[in-house]
Each structure stands twice: as structure tokens, then as C-alpha cells.
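Pasting data_23.cif here (mmCIF, C-alpha atoms):
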data_input
loop_
_atom_site.label_atom_id
_atom_site.label_comp_id
_atom_site.auth_asym_id
_atom_site.auth_seq_id
_atom_site.Cartn_x
_atom_site.Cartn_y
_atom_site.Cartn_z
CA GLU A 1 -21.49 -4.65 -10.29
CA LEU A 2 -18.80 -6.64 -8.51
CA ASN A 3 -16.76 -7.70 -11.54
CA PRO A 4 -18.04 -6.18 -14.82
CA ARG A 5 -16.54 -7.86 -17.86
CA ILE A 6 -16.25 -7.36 -21.58
CA GLY A 7 -15.89 -10.90 -22.79
CA GLY A 8 -13.17 -12.35 -20.59
CA TRP A 9 -11.73 -8.94 -19.74
CA ASP A 10 -12.30 -8.06 -16.07
CA LEU A 11 -12.56 -4.26 -16.06
CA LYS A 12 -12.12 -3.84 -12.31
CA VAL A 13 -9.01 -6.00 -12.05
CA PHE A 14 -7.48 -4.23 -15.06
CA CYS A 15 -8.23 -0.74 -13.75
CA GLU A 16 -7.15 -1.57 -10.20
CA LEU A 17 -3.48 -1.17 -11.06
CA ARG A 18 -2.35 -0.70 -14.62
CA PRO A 19 -3.80 2.58 -15.99
CA GLY A 20 -3.40 4.58 -12.78
CA LEU A 21 0.05 3.33 -11.82
CA ILE A 22 1.50 3.64 -15.29
CA GLY A 23 -0.06 7.09 -15.65
CA TRP A 24 1.51 8.06 -12.31
CA MET A 25 4.95 7.11 -13.65
CA VAL A 26 4.43 9.06 -16.87
CA LEU A 27 3.55 12.15 -14.84
CA ASN A 28 6.57 11.64 -12.56
CA LEU A 29 8.92 11.47 -15.53
CA ALA A 30 7.33 14.62 -16.93
CA MET A 31 7.97 16.36 -13.59
CA ALA A 32 11.60 15.24 -13.66
CA ALA A 33 11.97 16.67 -17.16
CA LYS A 34 10.34 19.94 -16.01
CA GLU A 35 12.72 20.22 -13.06
CA ARG A 36 15.69 19.77 -15.33
CA GLN A 37 14.30 22.47 -17.61
CA VAL A 38 13.67 24.91 -14.75
CA LEU A 39 16.69 24.25 -12.52
CA GLY A 40 19.14 23.00 -15.12
CA HIS A 41 19.78 19.72 -13.29
CA SER A 42 18.06 16.77 -11.64
CA SER A 43 17.97 17.00 -7.85
CA LEU A 44 18.78 14.03 -5.63
CA ALA A 45 15.27 14.22 -4.15
CA MET A 46 13.62 14.02 -7.59
CA VAL A 47 15.80 11.09 -8.61
CA LEU A 48 15.02 9.21 -5.39
CA ILE A 49 11.27 9.87 -5.68
CA ASN A 50 11.23 8.57 -9.25
CA VAL A 51 13.32 5.53 -8.37
CA SER A 52 11.33 4.72 -5.22
CA GLN A 53 7.90 5.23 -6.75
CA GLY A 54 8.98 3.52 -9.96
CA TYR A 55 10.09 0.44 -8.05
CA TYR A 56 6.86 0.51 -6.03
CA VAL A 57 4.82 0.50 -9.24
CA TRP A 58 6.93 -2.24 -10.80
CA ASP A 59 6.54 -4.34 -7.65
CA ALA A 60 2.75 -3.85 -7.64
CA LEU A 61 2.48 -4.90 -11.28
CA TYR A 62 4.85 -7.84 -10.78
CA HIS A 63 2.74 -9.11 -7.87
CA GLU A 64 -0.54 -8.27 -9.57
CA GLN A 65 -2.11 -11.62 -8.69
CA ALA A 66 -2.02 -10.61 -5.02
CA ILE A 67 -4.82 -8.06 -5.57
CA LEU A 68 -7.26 -10.90 -6.20
CA SER A 69 -7.63 -11.39 -2.44
CA THR A 70 -7.96 -7.69 -1.55
CA MET A 71 -11.16 -6.01 -0.35
CA ASP A 72 -11.36 -3.90 -3.53
CA VAL A 73 -11.62 -7.00 -5.70
CA THR A 74 -13.51 -9.41 -3.45
CA THR A 75 -16.02 -7.04 -1.83
CA ASP A 76 -16.38 -3.60 -3.43
CA GLY A 77 -18.41 -3.12 -6.58
CA PHE A 78 -16.80 -1.36 -9.53
CA GLY A 79 -18.59 1.98 -9.44
CA TYR A 80 -17.65 5.65 -9.39
CA MET A 81 -15.44 5.44 -6.29
CA LEU A 82 -13.13 2.74 -7.60
CA ALA A 83 -13.16 3.96 -11.20
CA PHE A 84 -12.34 7.55 -10.23
CA GLY A 85 -9.78 6.41 -7.67
CA ASP A 86 -7.98 4.06 -10.05
CA LEU A 87 -7.99 6.26 -13.14
CA ALA A 88 -7.76 9.82 -11.80
CA TRP A 89 -7.05 10.03 -8.07
CA VAL A 90 -3.99 7.78 -8.07
CA PRO A 91 -1.97 9.33 -10.91
CA PHE A 92 -2.86 12.96 -10.23
CA THR A 93 -2.47 13.03 -6.43
CA TYR A 94 0.34 10.54 -5.87
CA CYS A 95 2.66 12.63 -8.05
CA ILE A 96 2.27 15.78 -5.91
CA PRO A 97 5.78 15.60 -4.32
CA ALA A 98 7.37 15.31 -7.77
CA ARG A 99 5.14 18.14 -9.03
CA TYR A 100 6.38 20.38 -6.21
CA LEU A 101 10.02 19.51 -6.83
CA ALA A 102 9.65 20.35 -10.51
CA GLU A 103 9.72 24.04 -9.61
CA HIS A 104 10.86 24.23 -5.98
CA PRO A 105 14.09 22.85 -4.51
CA SER A 106 13.51 20.65 -1.47
CA GLY A 107 15.96 22.64 0.65
CA LEU A 108 17.21 19.42 2.24
CA SER A 109 20.82 18.40 2.70
CA ASN A 110 21.96 15.26 0.91
CA THR A 111 22.31 13.54 4.29
CA LEU A 112 18.73 14.31 5.30
CA THR A 113 17.49 13.37 1.82
CA LEU A 114 19.14 9.95 2.06
CA LEU A 115 17.82 9.49 5.62
CA PHE A 116 14.26 10.13 4.43
CA ALA A 117 14.83 7.70 1.56
CA LEU A 118 15.85 5.04 4.10
CA VAL A 119 12.52 5.55 5.88
CA GLY A 120 10.91 4.54 2.59
CA VAL A 121 13.19 1.53 2.19
CA PHE A 122 12.22 0.31 5.65
CA GLY A 123 8.53 0.92 4.98
CA PHE A 124 8.66 -0.96 1.70
CA PHE A 125 10.51 -3.86 3.36
CA VAL A 126 7.74 -4.20 5.95
CA PHE A 127 4.99 -3.79 3.35
CA ARG A 128 6.33 -6.29 0.82
CA SER A 129 7.57 -8.85 3.36
CA ALA A 130 4.24 -8.93 5.21
CA ASN A 131 2.14 -9.15 2.05
CA SER A 132 4.35 -11.82 0.51
CA GLN A 133 4.24 -13.87 3.70
CA LYS A 134 0.44 -13.86 3.79
CA ASP A 135 0.11 -14.52 0.06
CA THR A 136 2.55 -17.45 0.25
CA PHE A 137 0.73 -18.91 3.26
CA ARG A 138 -2.63 -18.69 1.49
CA ARG A 139 -1.31 -20.51 -1.57
CA ASP A 140 0.67 -23.18 0.28
CA PRO A 141 0.63 -23.26 4.12
CA ASN A 142 3.25 -26.02 4.01
CA GLY A 143 5.68 -24.04 1.87
CA ILE A 144 9.26 -23.94 3.11
CA CYS A 145 9.11 -20.20 3.85
CA VAL A 146 5.91 -20.30 5.91
CA LYS A 147 5.53 -23.78 7.37
CA HIS A 148 7.07 -22.60 10.65
CA LEU A 149 4.37 -19.97 11.18
CA LYS A 150 1.79 -20.41 13.91
CA PHE A 151 -1.86 -20.07 13.03
CA MET A 152 -5.29 -20.30 14.56
CA ASN A 153 -7.96 -22.59 13.10
CA THR A 154 -11.45 -21.12 12.78
CA LYS A 155 -14.86 -22.74 12.70
CA ARG A 156 -15.11 -21.70 9.04
CA GLY A 157 -12.19 -24.00 8.28
CA THR A 158 -9.78 -21.18 7.51
CA ARG A 159 -6.53 -20.29 9.25
CA LEU A 160 -5.50 -16.97 10.76
CA LEU A 161 -1.81 -16.24 11.17
CA VAL A 162 -0.71 -15.37 14.70
CA SER A 163 3.06 -15.28 14.23
CA GLY A 164 5.59 -13.80 11.83
CA TRP A 165 4.69 -10.36 10.54
CA TRP A 166 1.02 -11.03 11.20
CA GLY A 167 1.63 -11.90 14.83
CA MET A 168 3.07 -8.40 15.36
CA ALA A 169 0.03 -6.45 14.19
CA ARG A 170 -3.14 -7.23 12.25
CA LYS A 171 -2.47 -4.53 9.63
CA ILE A 172 1.28 -4.23 9.76
CA ASN A 173 1.39 -4.10 5.95
CA TYR A 174 -0.60 -0.84 6.15
CA THR A 175 2.05 0.61 8.46
CA GLY A 176 4.83 -0.20 6.01
CA ASP A 177 2.86 1.21 3.09
CA TRP A 178 2.18 4.43 4.99
CA LEU A 179 5.82 4.89 5.98
CA LEU A 180 6.80 4.56 2.34
CA GLY A 181 4.28 7.22 1.36
CA LEU A 182 5.49 9.49 4.15
CA SER A 183 9.05 9.21 2.86
CA TRP A 184 7.97 10.50 -0.56
CA SER A 185 6.53 13.61 1.03
CA LEU A 186 9.56 14.10 3.27
CA LEU A 187 11.81 14.02 0.19
CA ALA A 188 9.99 17.11 -1.10
CA GLY A 189 11.04 19.04 1.99
CA PHE A 190 8.95 21.25 4.23
CA GLY A 191 8.10 24.12 1.92
CA SER A 192 4.44 23.26 1.48
CA ILE A 193 1.84 21.29 3.43
CA VAL A 194 0.37 20.25 0.08
CA CYS A 195 3.27 17.82 -0.33
CA TYR A 196 1.93 15.98 2.72
CA PHE A 197 -1.52 15.49 1.27
CA TYR A 198 -0.81 11.86 0.42
CA PRO A 199 0.27 10.56 3.86
CA ILE A 200 -2.53 12.52 5.57
CA TYR A 201 -5.17 11.22 3.19
CA PHE A 202 -3.64 7.73 3.20
CA ALA A 203 -3.70 7.55 7.00
CA VAL A 204 -7.43 8.33 6.99
CA LEU A 205 -8.02 5.79 4.23
CA LEU A 206 -6.07 3.02 5.96
CA VAL A 207 -7.71 3.58 9.36
CA HIS A 208 -11.15 3.51 7.74
CA ARG A 209 -10.28 0.43 5.70
CA ALA A 210 -8.90 -1.34 8.78
CA TRP A 211 -12.14 -0.53 10.64
CA ARG A 212 -14.23 -1.88 7.74
CA ASP A 213 -12.16 -5.04 7.61
CA ASP A 214 -12.37 -5.54 11.36
CA HIS A 215 -16.17 -5.16 11.22
CA ALA A 216 -16.46 -7.58 8.28
CA CYS A 217 -14.21 -10.16 9.93
CA SER A 218 -16.13 -9.87 13.20
CA LYS A 219 -19.31 -10.84 11.36
CA LYS A 220 -17.50 -13.50 9.33
CA TYR A 221 -15.63 -15.26 12.14
CA GLY A 222 -17.74 -14.44 15.20
CA ASN A 223 -16.13 -15.55 18.48
CA ASP A 224 -13.06 -16.76 16.62
CA TRP A 225 -12.30 -13.14 15.69
CA ILE A 226 -12.51 -12.10 19.35
CA GLU A 227 -10.04 -14.85 20.23
CA TYR A 228 -7.79 -13.88 17.33
CA LYS A 229 -7.67 -10.26 18.51
CA LYS A 230 -6.56 -11.46 21.94
CA LYS A 231 -3.65 -13.27 20.29
CA VAL A 232 -2.81 -10.33 18.02
CA PRO A 233 -3.98 -7.27 19.98
CA TYR A 234 -2.28 -4.53 17.97
CA MET A 235 -3.64 -3.12 14.73
CA PHE A 236 -0.80 -1.14 13.17
CA VAL A 237 2.28 -0.85 15.39
CA PRO A 238 3.41 -3.65 17.73
CA GLY A 239 3.25 -2.54 21.35
CA LEU A 240 1.56 0.78 20.53
CA VAL A 241 -1.66 0.68 18.54
#
What would the structure in this file look like if it were written as C-alpha cells?
Amino acid sequence: ELNPRIGGWDLKVFCELRPGLIGWMVLNLAMAAKERQVLGHSSLAMVLINVSQGYYVWDALYHEQAILSTMDVTTDGFGYMLAFGDLAWVPFTYCIPARYLAEHPSGLSNTLTLLFALVGVFGFFVFRSANSQKDTFRRDPNGICVKHLKFMNTKRGTRLLVSGWWGMARKINYTGDWLLGLSWSLLAGFGSIVCYFYPIYFAVLLVHRAWRDDHACSKKYGNDWIEYKKKVPYMFVPGLV
């Protein structure tokens, strides 16, 4: 079912963020406590992972209304895949770097640790700026922050952005999100490939999701989508791919 409800309670929208993300933070804090118990102190890497992921979760919950236009909510039914992903996959796999650090030092210098954290800051800046720009444009195309943006009218009566963040690449928000995830793994060091499970899995997920979205938009917009892709030829990284 697309949006199963109990009364006015939308189960899919509720499960999309809150249980999994909050559970993820509880597990992260438990890992930080374990590290302090094992090592006798809190490492810089563990602190930065908790702060970075904590802010990411807070930001997602603060901008919760933005999920209403995502593929998960508008297209996918609420079945095993979404339920398992939201309630189990997210909290128990996204905390892997913190789980590793709970018992293994990262082996990184403070300089390298801070450099990897900056990769995450840049990724989050791209991710949040791009998403906020699109969300603001959808709600009010004449808003002061987005009225300067160029767009392409479609036969369906909708508008596709071809400037700003969305003129650089069609899924530039995915790129920012992935860089942030990569930084969390980098903060755990290079002692185990398991710490890199998240960015590897996430890259596969994002490429597949981008392909699904491209296919759906091709059917939805027809020739307009072909023209749009000529105006914005890159998918993830401007000038590269």
C-alpha cells in the first residue's frame, strides 16, 4: 500500500525518518560510551562522528516536510523493503564507523582527522543547499532566494531547474550526501574495509535510484526530458559524470 494509515497517522511518513534516525543516534552514543570505557577517553574521531551524524539527523528531522516530495513517499509502497530499511537497516548499519571506533583507535593524526571532517562539511553543504534550493523553488518560484534561477517549462505545466545547483548536475544532492557518508568512514581510519560498507552500499543505492528516477522522468516528460538532459548533461559531478 502506498500510504497505510491508522486513523490520521501515516505509517510510512513516520517510519521514513524518526525511528531509524533516532535509533541510530542512540546506538552512536552507546558506542561513544563504550569507547570511553575501553580506551579511557573519547577520541577526536568518535566526537566528530557523533557531532556530524547527530547534526545530520537533526537536520533531516527539522526539514521533515521535504520528504513528502521524495520517491520513497510519492512512488514506493510501504512494504518489507522500506519497513526493514527504515527500522533496522538505517540504525544498525549507519553506526558501523562508531562501532569500530568503540574498540579500535582510528590511527589517524588530528590533522588528517580534521581534514576528513571537512570533506563531510563540504558534502553536507552541497547536499543541504541543493535540496533547500529545490524545495524553496517548488513552494514559491518567485521567492527572493530562487527567483533568479533559470528553468525550463514542460508540456505538463511543471518547471525544471536548469541553473543554480540543479544546473550543475541532475543529482548533485546525491553527490553531497555520498561525500558526507564517505567522511564518516574515513574518520574511522583504514583498519577495516567493513567501515567502508556504508559509502560502497550508498553509491550502489544512489546510482540505482538515479537510474530509476531518470527512467520515470523520461516516461513522465517525454521529449521535454531529452531537452532537459541536453541543458543539464551531468548526473552527479559537473564536468565529469
Open item on the list: Could you list, as a PyMOL selection string, every residue matched by the PyMOL selection byres ((chain A and resi 42-57) around 7) in this structure?
Closed with: chain A and resi 21+25+28+32+35-36+41+58-61+98+101+113+184+187-188
Open item on the list: Using all atoms listed in the file for the distances, tell me which of A:Cys95, A:Met152, A:Val119, A:Leu17 is nearest to Cys195 in chain A.
Closed with: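 Ranked by minimum distance to Cys195 in chain A, first place goes to A:Cys95.
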Shell around Lys229 in chain A at 12 Å using only C-alpha atoms, local window under 2 positions removed, as a short mmCIF file (atom, residue, chain, number, x, y, z; two decimals) with C-alpha atoms, in the coordinates of the input:
data_model
loop_
_atom_site.label_atom_id
_atom_site.label_comp_id
_atom_site.auth_asym_id
_atom_site.auth_seq_id
_atom_site.Cartn_x
_atom_site.Cartn_y
_atom_site.Cartn_z
CA MET A 152 -5.29 -20.30 14.56
CA LEU A 160 -5.50 -16.97 10.76
CA LEU A 161 -1.81 -16.24 11.17
CA VAL A 162 -0.71 -15.37 14.70
CA TRP A 166 1.02 -11.03 11.20
CA GLY A 167 1.63 -11.90 14.83
CA MET A 168 3.07 -8.40 15.36
CA ALA A 169 0.03 -6.45 14.19
CA ARG A 170 -3.14 -7.23 12.25
CA LYS A 171 -2.47 -4.53 9.63
CA ASP A 214 -12.37 -5.54 11.36
CA CYS A 217 -14.21 -10.16 9.93
CA SER A 218 -16.13 -9.87 13.20
CA TYR A 221 -15.63 -15.26 12.14
CA GLY A 222 -17.74 -14.44 15.20
CA ASN A 223 -16.13 -15.55 18.48
CA ASP A 224 -13.06 -16.76 16.62
CA TRP A 225 -12.30 -13.14 15.69
CA ILE A 226 -12.51 -12.10 19.35
CA GLU A 227 -10.04 -14.85 20.23
CA LYS A 231 -3.65 -13.27 20.29
CA VAL A 232 -2.81 -10.33 18.02
CA PRO A 233 -3.98 -7.27 19.98
CA TYR A 234 -2.28 -4.53 17.97
CA MET A 235 -3.64 -3.12 14.73
#
TODO: Scan for residues within 10 Å of the point (11.4, 25.0, -10.6) in the coordinates of the file, using all atoms listed in the file, and reply as a VMD selection string.
DONE: chain A and resid 31 34 to 40 99 to 105
- [ ] Rank A:Gly176, A:Pro97, A:Pro199, A:Gly164 by their smallest atom-to-atom distance to Gly123 in chain A, using all atoms listed in the file, and report the top residue only.
- [x] A:Gly176
Task: Coordinates-based distance that separates CA of Tyr201 in chain A from CA of Ser185 in chain A (Å, one decimal) - done: 12.1 Å
Task: Pairwise distance for CA of Leu108 in chain A and CA of Ile200 in chain A, rounded to one decimal in Å - done: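 That distance, rounded to one decimal, is 21.2 Å.
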Task: Expected selection from the PyMOL selection byres ((chain A and resi 72) around 12), given as a VMD selection string - done: chain A and resid 2 to 3 12 to 13 15 to 17 66 to 71 73 to 79 81 to 83 85 to 86 209 212 to 213
- [ ] Can you work out which one of A:Val204, A:Leu180, A:Leu240, A:Leu11 has the shortest atom-to-atom distance to Phe125 in chain A, counting all atoms listed in the file?
- [x] A:Leu180
TODO: Tell me, in Å to one decimal, how far CA of Glu1 in chain A is from CA of Gly23 in chain A.
DONE: 25.0 Å
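Minimum atom-to-atom distance to Lys155 in chain A, evaluated using all atoms listed in the file, belongs to A:Lys220 out of A:Lys134, A:Arg128, A:Lys220, A:His208.
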- [ ] Compare A:Phe14, A:Tyr228, A:Trp24, A:Trp9 by their minimum atom-to-atom distance to Ile96 in chain A, counting all atoms listed in the file, and give me the closest one.
- [x]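 Selected residue with least distance to Ile96 in chain A: A:Trp24.
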Open item on the list: Which residues are close to range 137-141 of chain A, i.e. within 10 Å by all atoms listed in the file, leaving aside same-chain residues fewer than 5 positions away? Reply as a PyMOL selection string.
Closed with: chain A and resi 69+131-132+146-149+151+158-161
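Of the listed residues (A:Gly157, A:Ile22, A:Phe124, A:Val194), A:Ile22 comes nearest to Leu87 in chain A; the distances count all atoms listed in the file.
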